[in-house]
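Here is input-v3.cif, consisting of mmCIF, C-alpha atoms:
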```cif
data_target
#
loop_
_atom_site.label_atom_id
_atom_site.label_comp_id
_atom_site.auth_asym_id
_atom_site.auth_seq_id
_atom_site.Cartn_x
_atom_site.Cartn_y
_atom_site.Cartn_z
CA MET A 285 -24.75 -47.54 62.96
CA ASP A 286 -23.93 -47.08 66.66
CA SER A 287 -26.27 -49.47 68.49
CA GLU A 288 -26.21 -47.30 71.62
CA ASN A 289 -28.02 -44.48 69.80
CA LEU A 290 -30.72 -46.61 68.18
CA GLN A 291 -34.37 -46.24 69.10
CA THR A 292 -36.30 -49.04 70.69
CA MET A 293 -39.42 -50.17 68.88
CA GLU A 294 -41.47 -48.81 71.80
CA GLU A 295 -39.88 -45.36 71.42
CA ALA A 296 -40.57 -45.39 67.67
CA LEU A 297 -44.19 -46.47 68.13
CA VAL A 298 -44.86 -43.35 70.23
CA ASN A 299 -44.44 -41.27 67.06
CA VAL A 300 -46.89 -43.32 64.97
CA PRO A 301 -50.37 -41.73 65.10
CA GLU A 302 -52.98 -43.77 67.00
CA LYS A 303 -55.29 -43.63 63.98
CA ILE A 304 -52.71 -45.47 61.87
CA LYS A 305 -51.85 -48.00 64.58
CA ASN A 306 -55.56 -48.71 65.07
CA TRP A 307 -56.15 -49.10 61.32
CA ILE A 308 -53.23 -51.54 60.95
CA SER A 309 -54.32 -53.50 64.02
CA GLY A 310 -57.95 -53.66 62.84
CA VAL A 311 -57.08 -54.79 59.31
CA TRP A 312 -54.52 -57.27 60.74
CA LYS A 313 -57.16 -58.83 63.02
CA THR A 314 -59.64 -59.05 60.13
CA ILE A 315 -57.05 -60.83 57.96
CA ALA A 316 -56.01 -63.15 60.81
CA ALA A 317 -59.67 -64.07 61.34
CA ASN A 318 -59.92 -64.99 57.63
CA LYS A 319 -62.57 -62.33 57.07
CA LYS A 320 -62.95 -60.33 53.88
CA ILE A 321 -61.20 -56.97 53.76
CA ASN A 322 -62.46 -53.92 51.89
CA PRO A 323 -59.86 -53.18 49.17
CA LYS A 324 -60.95 -49.51 48.97
CA TYR A 325 -60.15 -49.00 52.64
CA GLN A 326 -56.53 -47.78 52.22
CA GLN A 327 -54.61 -45.83 54.85
CA ASP A 328 -52.77 -42.56 54.21
CA LEU A 329 -49.41 -42.78 55.99
CA GLY A 330 -48.61 -39.10 55.58
CA GLU A 331 -46.10 -37.14 53.57
CA ALA A 332 -42.91 -38.85 52.46
CA SER A 333 -39.76 -37.66 54.22
CA GLN A 334 -37.42 -35.40 52.28
CA LYS A 335 -34.78 -38.15 52.41
CA THR A 336 -37.23 -40.57 50.78
CA LYS A 337 -38.38 -38.03 48.19
CA ASP A 338 -34.77 -37.28 47.23
CA ALA A 339 -33.84 -40.98 47.05
CA VAL A 340 -36.82 -41.93 44.84
CA LYS A 341 -36.04 -39.00 42.56
CA LYS A 342 -32.37 -40.02 42.32
CA LEU A 343 -33.10 -43.74 41.85
CA TYR A 344 -36.05 -43.55 39.45
CA GLY A 345 -36.49 -39.93 38.43
CA LYS A 346 -39.96 -40.00 39.99
CA ASN A 347 -41.55 -37.60 42.43
CA VAL A 348 -43.44 -38.88 45.44
CA SER A 349 -45.21 -36.80 48.02
CA LYS A 350 -47.38 -39.04 50.16
CA GLN A 351 -47.31 -42.65 51.31
CA ILE A 352 -50.13 -45.19 51.56
CA ILE A 353 -50.77 -48.80 52.49
CA LYS A 354 -53.65 -50.81 51.09
CA PRO A 355 -55.37 -53.68 52.91
CA GLU A 356 -54.27 -56.17 50.24
CA ASN A 357 -50.63 -55.19 50.85
CA LEU A 358 -51.10 -55.69 54.59
CA GLU A 359 -52.70 -59.04 53.75
CA HIS A 360 -49.61 -59.95 51.70
CA ILE A 361 -47.38 -59.03 54.66
CA TYR A 362 -49.53 -61.14 57.00
CA LYS A 363 -49.66 -64.19 54.72
CA SER A 364 -45.99 -64.02 53.68
CA HIS A 365 -44.29 -62.88 56.88
CA SER A 366 -46.56 -63.70 59.82
CA LYS A 367 -48.87 -66.63 59.17
CA ASN A 368 -46.07 -69.23 59.16
CA PRO A 369 -43.62 -68.20 61.91
CA GLN A 370 -41.51 -71.36 61.55
CA LYS A 371 -40.78 -70.52 57.90
CA GLU A 372 -39.82 -66.96 58.78
CA LEU A 373 -37.47 -68.14 61.52
CA ALA A 374 -35.94 -70.77 59.20
CA ASP A 375 -35.30 -67.99 56.65
CA GLY A 376 -33.52 -65.91 59.31
CA GLN A 377 -36.43 -63.50 59.53
CA ILE A 378 -38.61 -62.52 62.45
CA PRO A 379 -42.36 -63.13 62.13
CA ILE A 380 -44.29 -59.88 61.85
CA THR A 381 -46.98 -59.06 64.39
CA ALA A 382 -49.57 -56.28 64.25
CA GLU A 383 -47.33 -54.24 66.57
CA ILE A 384 -44.32 -54.72 64.28
CA ALA A 385 -46.47 -53.84 61.25
CA SER A 386 -47.40 -50.64 63.08
CA LEU A 387 -43.75 -49.57 62.74
CA ILE A 388 -44.04 -49.33 58.93
CA PRO A 389 -44.76 -45.56 59.11
CA ASP A 390 -41.66 -45.09 61.28
CA VAL A 391 -39.46 -46.98 58.83
CA LEU A 392 -40.87 -44.83 56.01
CA ALA A 393 -40.34 -41.60 57.96
CA ASN A 394 -36.90 -42.42 59.37
CA PRO A 395 -35.06 -44.94 57.18
CA ASN A 396 -31.38 -45.62 57.78
CA THR A 397 -30.99 -46.71 54.17
CA ILE A 398 -32.93 -46.49 50.93
CA ARG A 399 -31.98 -48.51 47.89
CA LYS A 400 -33.30 -49.55 44.51
CA SER A 401 -34.89 -52.97 44.38
CA LEU A 402 -35.17 -55.56 41.70
CA PRO A 403 -38.58 -55.31 39.98
CA THR A 404 -41.21 -56.53 42.39
CA ASN A 405 -43.79 -59.23 41.65
CA LYS A 406 -44.95 -60.44 38.24
CA SER A 407 -46.08 -56.94 37.28
CA GLY A 408 -42.48 -55.78 37.28
CA TYR A 409 -43.06 -52.63 39.34
CA GLU A 410 -39.97 -50.64 40.25
CA SER A 411 -39.62 -50.40 43.99
CA VAL A 412 -37.47 -48.96 46.72
CA ILE A 413 -36.31 -50.75 49.85
CA LEU A 414 -36.30 -48.64 53.00
CA SER A 415 -34.77 -50.09 56.15
CA LYS A 416 -34.29 -49.06 59.74
CA GLU A 417 -32.33 -50.72 62.51
CA TYR A 418 -33.72 -50.74 66.06
CA ALA A 419 -31.96 -51.12 69.40
CA ASP A 420 -32.90 -54.80 69.74
CA GLY A 421 -30.72 -55.66 66.73
CA THR A 422 -33.55 -56.08 64.25
CA VAL A 423 -33.68 -54.42 60.85
CA HIS A 424 -37.18 -53.58 59.64
CA VAL A 425 -37.52 -53.46 55.87
CA VAL A 426 -40.31 -51.89 53.83
CA GLU A 427 -40.55 -52.30 50.08
CA ALA A 428 -42.63 -49.61 48.40
CA ILE A 429 -43.66 -48.83 44.84
CA PRO A 430 -43.45 -45.22 43.59
CA LYS A 431 -46.38 -44.49 41.28
CA ASN A 432 -48.58 -41.50 40.54
CA ASN A 433 -46.77 -39.26 43.06
CA ILE A 434 -47.50 -41.83 45.81
CA LEU A 435 -45.23 -44.32 47.55
CA GLU A 436 -47.34 -47.45 48.08
CA VAL A 437 -46.16 -49.99 50.65
CA TYR A 438 -45.93 -53.36 48.91
CA THR A 439 -44.40 -55.59 51.58
CA ALA A 440 -42.44 -55.54 54.83
CA TYR A 441 -40.27 -57.98 56.72
CA VAL A 442 -37.86 -58.04 59.65
CA TRP A 443 -34.34 -59.50 59.79
CA ASN A 444 -31.80 -59.86 62.48
CA LYS A 445 -28.89 -57.47 61.92
CA GLU A 446 -26.45 -60.19 60.79
CA LYS A 447 -28.75 -61.36 57.96
CA ALA A 448 -29.46 -57.77 56.95
CA GLU A 449 -25.73 -57.02 56.69
CA LYS A 450 -25.18 -60.05 54.43
CA LYS A 451 -28.08 -58.94 52.22
CA ARG A 452 -26.76 -55.36 52.05
CA LEU A 453 -23.35 -56.57 50.97
CA ALA A 454 -24.90 -58.81 48.31
CA TYR A 455 -27.00 -55.98 46.84
CA GLY A 456 -24.43 -53.22 47.12
CA SER A 457 -24.66 -49.65 48.25
CA ALA A 458 -27.63 -47.73 49.47
CA ILE A 459 -28.50 -44.07 49.71
#
```
Will you turn the file into structure tokens for me?
Amino acid sequence: MDSENLQTMEEALVNVPEKIKNWISGVWKTIAANKKINPKYQQDLGEASQKTKDAVKKLYGKNVSKQIIKPENLEHIYKSHSKNPQKELADGQIPITAEIASLIPDVLANPNTIRKSLPTNKSGYESVILSKEYADGTVHVVEAIPKNNILEVYTAYVWNKEKAEKKRLAYGSAI
């Protein structure tokens, strides 16, 4: 992708509704403070983009219409990709902050690529990997599980472009 035409993260954040940014920030702060989160307090991230709907249908034969994120999935993102910044950096990843997590709806709405993933976690859920490159050379990745007409965010992480390119080549083509 032509890096001159890429959005900055700040430009992308303008298009994320304040309600969603505030929810992510609030849940993030609760998790960071080691306080209990309400598992029923999920956030609707809006309707899936046509590109995402078409890709999920092609990859899995499933229909999805809307997208959500649950507090426990945000907790997973925090614990796996934020809490230990040194580990993330050693793995070639960029530690996620609440602001970076607030870009999840933008990645879902405007992915550069969508591909099938290996089954996720011990439950073996099928998932899709959506990624978007930003002007600063980072590639934001969201893994989501299509179930019951909903695309549920499972995890998210951020790579530098070089690592993302190696990973893409290892996994093959994307839609």
Translate the PyMOL selection byres ((chain A and resi 432-435) around 7) into a concrete residue list for this structure, as a VMD selection string.
chain A and resid 347 to 352 428 to 431 436 to 437
Please write the residues from the selection above to a file, keeping C-alpha atoms, as an mmCIF file, in the frame of the given file.
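Writing done, so here's again.cif:
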```cif
data_model
loop_
_atom_site.group_PDB
_atom_site.id
_atom_site.type_symbol
_atom_site.label_atom_id
_atom_site.label_comp_id
_atom_site.auth_asym_id
_atom_site.auth_seq_id
_atom_site.Cartn_x
_atom_site.Cartn_y
_atom_site.Cartn_z
ATOM 1 C CA ASN A 347 -41.550 -37.600 42.430
ATOM 2 C CA VAL A 348 -43.440 -38.880 45.440
ATOM 3 C CA SER A 349 -45.210 -36.800 48.020
ATOM 4 C CA LYS A 350 -47.380 -39.040 50.160
ATOM 5 C CA GLN A 351 -47.310 -42.650 51.310
ATOM 6 C CA ILE A 352 -50.130 -45.190 51.560
ATOM 7 C CA ALA A 428 -42.630 -49.610 48.400
ATOM 8 C CA ILE A 429 -43.660 -48.830 44.840
ATOM 9 C CA PRO A 430 -43.450 -45.220 43.590
ATOM 10 C CA LYS A 431 -46.380 -44.490 41.280
ATOM 11 C CA GLU A 436 -47.340 -47.450 48.080
ATOM 12 C CA VAL A 437 -46.160 -49.990 50.650
#
```
Applied to this file, what does the PyMOL selection byres ((chain A and resi 292) around 10) return in terms of residues, put as an mmCIF file with C-alpha atoms, in the frame of the given file?
```cif
data_model
loop_
_atom_site.group_PDB
_atom_site.id
_atom_site.type_symbol
_atom_site.label_atom_id
_atom_site.label_comp_id
_atom_site.auth_asym_id
_atom_site.auth_seq_id
_atom_site.Cartn_x
_atom_site.Cartn_y
_atom_site.Cartn_z
ATOM 1 C CA ASN A 289 -28.020 -44.480 69.800
ATOM 2 C CA LEU A 290 -30.720 -46.610 68.180
ATOM 3 C CA GLN A 291 -34.370 -46.240 69.100
ATOM 4 C CA MET A 293 -39.420 -50.170 68.880
ATOM 5 C CA GLU A 294 -41.470 -48.810 71.800
ATOM 6 C CA GLU A 295 -39.880 -45.360 71.420
ATOM 7 C CA ALA A 296 -40.570 -45.390 67.670
ATOM 8 C CA LEU A 297 -44.190 -46.470 68.130
ATOM 9 C CA GLU A 417 -32.330 -50.720 62.510
ATOM 10 C CA TYR A 418 -33.720 -50.740 66.060
ATOM 11 C CA ALA A 419 -31.960 -51.120 69.400
ATOM 12 C CA ASP A 420 -32.900 -54.800 69.740
ATOM 13 C CA GLY A 421 -30.720 -55.660 66.730
ATOM 14 C CA THR A 422 -33.550 -56.080 64.250
#
```
Work out how far apart CA of Ala382 in chain A and CA of Glu427 in chain A are and give it in Å to one decimal.
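If I compute the distance from CA of Ala382 in chain A to CA of Glu427 in chain A, I get 17.3 Å.
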What does the structure give for the distance between CA of Asn444 in chain A and CA of Ile380 in chain A, in Å to one decimal?
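Going from CA of Asn444 in chain A over to CA of Ile380 in chain A covers 12.5 Å.
Shortest separation to Asp375 in chain A among A:Asn299, A:Val442, A:Ile304, A:Thr336 occurs at residue A:Val442, atoms counted being all atoms listed in the file.
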Identify all residues satisfying the PyMOL selection byres ((chain A and resi 412) around 9) in the given file; provide them as a PyMOL selection string.
chain A and resi 339-340+343+398-402+410-411+413-414+426-430
Keeping only C-alpha atoms, write the selected residues as a PDB file, in the coordinates of the input.
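Below you can see part.pdb, which holds the result:
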```
ATOM      1  CA  ALA A 339     -33.840 -40.980  47.050  1.00  0.00           C
ATOM      2  CA  VAL A 340     -36.820 -41.930  44.840  1.00  0.00           C
ATOM      3  CA  LEU A 343     -33.100 -43.740  41.850  1.00  0.00           C
ATOM      4  CA  ILE A 398     -32.930 -46.490  50.930  1.00  0.00           C
ATOM      5  CA  ARG A 399     -31.980 -48.510  47.890  1.00  0.00           C
ATOM      6  CA  LYS A 400     -33.300 -49.550  44.510  1.00  0.00           C
ATOM      7  CA  SER A 401     -34.890 -52.970  44.380  1.00  0.00           C
ATOM      8  CA  LEU A 402     -35.170 -55.560  41.700  1.00  0.00           C
ATOM      9  CA  GLU A 410     -39.970 -50.640  40.250  1.00  0.00           C
ATOM     10  CA  SER A 411     -39.620 -50.400  43.990  1.00  0.00           C
ATOM     11  CA  ILE A 413     -36.310 -50.750  49.850  1.00  0.00           C
ATOM     12  CA  LEU A 414     -36.300 -48.640  53.000  1.00  0.00           C
ATOM     13  CA  VAL A 426     -40.310 -51.890  53.830  1.00  0.00           C
ATOM     14  CA  GLU A 427     -40.550 -52.300  50.080  1.00  0.00           C
ATOM     15  CA  ALA A 428     -42.630 -49.610  48.400  1.00  0.00           C
ATOM     16  CA  ILE A 429     -43.660 -48.830  44.840  1.00  0.00           C
ATOM     17  CA  PRO A 430     -43.450 -45.220  43.590  1.00  0.00           C
TER      18      PRO A 430
END
```
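Taking CA of Lys305 in chain A and CA of Leu387 in chain A as the two end points, the separation is 8.5 Å.
For the set A:Lys303, A:Lys335, A:His360, A:Lys354, the residue with the smallest atom-to-atom gap to Ala316 in chain A is A:His360, counting only C-alpha atoms.
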Select, from A:Gly330, A:Asn394, A:Tyr362, A:Tyr344, the residue with the minimum atom-to-atom distance to Thr314 in chain A, counting only C-alpha atoms.
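Among the listed residues, A:Tyr362 lies closest to Thr314 in chain A.
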Counting only C-alpha atoms, which residue out of A:Leu373, A:Val298, A:Ile321, A:Leu392 sits closest to Lys337 in chain A?
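With only C-alpha atoms as the atom set, the closest residue is A:Leu392.
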